[in-house]
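Some notes on the structure that comes next.
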Amino acid sequence: MLLLFTTPAFAQDEAPNQTLRRVEQEIQADKARQRDLERQSEAIRKELADLRNRLVGLAEQARAQESELGELERTLAALEDEERAQAAKLDAERQNIARLLAALQRLSRVPPEVVMATPDGPVDTLRSALLLRDTVPALRERADALAAALQRLADVRERLEGQRVRTLSVRANLTSREGEIAALVARREALSRQTDEERRSIAQHMARLASQAGDLRQLMERVEQERRATIETAARLEAGRLQEERRAAEQRSAEQKEADRKAAKAARTEVVAVQRPPDLPILNGGLRLPAGGTVIARYGEQDRFGGTSRGVTISARAGTPILAPYAGSVMFAGPFRGYGQILIVEHSNGYHSLIAGLGRIDTSVGKHVSTGEPVGLMPSPADGTPDLYFELRRHGQPINPERGFSAPEGKGQG
């Protein structure tokens with residue numbers, strides 16, 4: 001933290017050259033502290049960059065586990081339905097066999113002489129005997145089929161138990177990833193506040209120097225030189241940071257394409273494939289969807305209110321991290337009329353991202369966010385399975401987000 005000197009008012013009997021000499025000595029001391037502060041700020045900027053990279057990596061892991069958990073839960077529901085259907089069928093078959101066995105047992109306890117003494121004629125007695133003779137093999141076949149069905153039910157229950165164990169494991173890993181993301185987001189905000197305080201201290205320092213300078217033109221020139229040097233240093237650092245972000249975005253895009261290729265190859269070899277709409281995690285030009293889940297309305301389709309959608313609506317799990325679709329500056333963050341929590345991020349070349357439906361926002365206006373950096377969470381589980389709305393605009397006009405950074409499709413609708 002920058003330490004500011006408190007300079008007493010100029011003594012009336014102090015010569016101007018003595019005043020200038022004293023102020024110049026203070027400037028030299030302040031410059032040394034300014035260099036120390038720049039080194040500290042650079043270390044903080046590096047830590048922030050590393051923190052953002054870790055957040056992006058954790059968010060990617062959480063998104064993959066969200067997708068895997070959704071597939072496991074759908075498979076688990078199908079197995080539970082199959083188990084209930086087979087159990088009901090077996091129960092009905094048991095009841096039929098039990099009734100047949102009871103009838104056979106009653107007949108087996110009737111003595112032959114009683115059968116001969118029955119009032120029925122010989123033809124009826126013979127017909128009953130033939131009927132019993134045909135029932136025994138059919139009963140044996142039904143018993144064998146029942147045993148096979150019981151074995152299939154046992155297999156289904158064994159698969160169901162394994163699926164439940166795997167689902168619990170994935171859910172626990174996902175909870176752990178979300179906890180790590182929350183801790184890193186808190187650390188990011190603490191570092192951001194620290195750098196904000198340092199910037200305010202620098203501004204106060206420059207204001208104090210200006211007030212002390214008075215009519216000393218030479219001191220004002222030196223303050224101006226310091227200001228220009230600070231601006232040039234900040235510009236160089238910003239240019240380097242943007243270049244690093246571009247390289248990181250290109251690398252992540254290449255890695256994602258390779259992962260998608262491997263996943264598609266693995267999906268073709270699966271015995272049982274779960275059909276679901278594609279999540280489209282990475283779009284044209286490195287643009288990303290802000291959350292994993294199921295796309296329920298795309299650009300140009302009819303939305304749930306009967307109108308034409310000008311963005312993408314995603315059904316996501318409660319508490320899912322919301323990611324920045326692309327690097328940029330936060331222009332708006334907070335509630336807006338009846339739309340709930342809204343986040344607007346400004347990108348280059350006239351592009352803006354609008355995200356609505358957040359349960360919590362973890363950034364603020366004026367902050368810079370990287371591509372894929374967590375910026376908030378979906379609403380809590382008490383609100384059920386929420387929907388997230390994502391809209392991409394260029395010069396104020398909506399365009400298709402799934403085409404990424406391309407030419408706008410007509411004028412759109414605001």
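Every chain in the structure tokens takes a letter, A first, then B, and so on in the order presented; its residues are numbered from 1, and the ligands are numbered from 1 following the presented order.
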
message: Show me, as a ChimeraX atom specification, the residues that have an atom within 8 Å of range 91-106 of chain A when counting only C-alpha atoms, minus same-chain residues fewer than 5 positions from it.
response: /A:132,139,142-143,146

Just-selected residues, N, CA and C atoms written as a CSV table (one decimal), in the first residue's frame:
chain,number,residue,atom,x,y,z
A,132,LEU,N,-55.6,-81.8,-17.5
A,132,LEU,CA,-54.6,-81.8,-16.5
A,132,LEU,C,-53.2,-82.2,-17.1
A,139,LEU,N,-47.4,-75.4,-17.5
A,139,LEU,CA,-47.0,-74.8,-16.2
A,139,LEU,C,-45.5,-74.8,-16.0
A,142,ARG,N,-44.1,-72.0,-18.1
A,142,ARG,CA,-44.3,-70.7,-17.5
A,142,ARG,C,-43.4,-70.5,-16.3
A,143,ALA,N,-43.1,-71.5,-15.6
A,143,ALA,CA,-42.2,-71.4,-14.5
A,143,ALA,C,-40.7,-71.1,-15.0
A,146,LEU,N,-40.7,-67.6,-15.9
A,146,LEU,CA,-40.6,-66.7,-14.7
A,146,LEU,C,-39.2,-66.7,-14.1

Show which residues sit within 9 Å of Glu73 in chain A, as an mmCIF file with N, CA, C and O atoms, in the first residue's frame. Count only C-alpha atoms, and ignore same-chain residues fewer than 4 positions away.
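Writing the result to selection_37.cif gives the following:
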data_model
loop_
_atom_site.group_PDB
_atom_site.id
_atom_site.type_symbol
_atom_site.label_atom_id
_atom_site.label_comp_id
_atom_site.auth_asym_id
_atom_site.auth_seq_id
_atom_site.Cartn_x
_atom_site.Cartn_y
_atom_site.Cartn_z
ATOM 1 N N GLU A 68 -22.388 -34.740 -18.000
ATOM 2 C CA GLU A 68 -22.348 -36.160 -17.650
ATOM 3 C C GLU A 68 -23.425 -36.503 -16.639
ATOM 4 O O GLU A 68 -24.084 -37.540 -16.724
ATOM 5 N N LEU A 69 -23.637 -35.609 -15.652
ATOM 6 C CA LEU A 69 -24.651 -35.858 -14.636
ATOM 7 C C LEU A 69 -26.038 -35.892 -15.251
ATOM 8 O O LEU A 69 -26.890 -36.713 -14.864
ATOM 9 N N ALA A 77 -33.291 -42.777 -14.701
ATOM 10 C CA ALA A 77 -34.751 -42.750 -14.752
ATOM 11 C C ALA A 77 -35.285 -43.852 -15.661
ATOM 12 O O ALA A 77 -36.300 -44.500 -15.353
ATOM 13 N N ALA A 78 -34.598 -44.100 -16.801
ATOM 14 C CA ALA A 78 -35.038 -45.160 -17.711
ATOM 15 C C ALA A 78 -34.926 -46.526 -17.059
ATOM 16 O O ALA A 78 -35.818 -47.372 -17.186
ATOM 17 N N GLN A 163 -25.492 -47.587 -11.568
ATOM 18 C CA GLN A 163 -25.767 -46.258 -12.108
ATOM 19 C C GLN A 163 -25.976 -45.244 -10.981
ATOM 20 O O GLN A 163 -25.545 -44.094 -11.073
ATOM 21 N N ARG A 164 -26.646 -45.670 -9.910
ATOM 22 C CA ARG A 164 -26.856 -44.772 -8.776
ATOM 23 C C ARG A 164 -25.536 -44.398 -8.112
ATOM 24 O O ARG A 164 -25.308 -43.238 -7.751
ATOM 25 N N THR A 167 -23.782 -41.960 -10.336
ATOM 26 C CA THR A 167 -24.442 -40.647 -10.289
ATOM 27 C C THR A 167 -24.058 -39.897 -9.023
ATOM 28 O O THR A 167 -23.772 -38.698 -9.054
#

query: So, counting only C-alpha atoms, which residue among A:Arg39, A:Arg317, A:Arg310, A:Arg208 is closest to Gly292 in chain A?
result: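 Checking each of A:Arg39, A:Arg317, A:Arg310, A:Arg208 against Gly292 in chain A, counting only C-alpha atoms, the winner is A:Arg317.
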
Residue among A:Asp81, A:Glu71, A:Glu244, A:Glu178 lying closest to Lys46 in chain A, counting only C-alpha atoms: A:Glu244

task: Can you work out which one of A:Leu388, A:Leu153, A:Leu377, A:Leu51 has the shortest atom-to-atom distance to Tyr339 in chain A, counting only C-alpha atoms?
output: A:Leu388

- request: Give the strand (DSSP E) residues of range 229-400 of chain A, as DSSP finds them on the backbone, and put them as a VMD selection string.
  value: chain A and resid 294 to 297 312 to 315 321 to 323 328 to 335 341 to 346 351 to 358 360 to 361 368 to 369 374 to 377 387 to 394 397 to 399

task: Please provide as a VMD selection string all residues within 8 Å of Gln65 in chain A, with the sequence filter that same-chain residues fewer than 4 positions apart are discarded (counting only C-alpha atoms).
output: chain A and resid 61 69 170 173 to 174
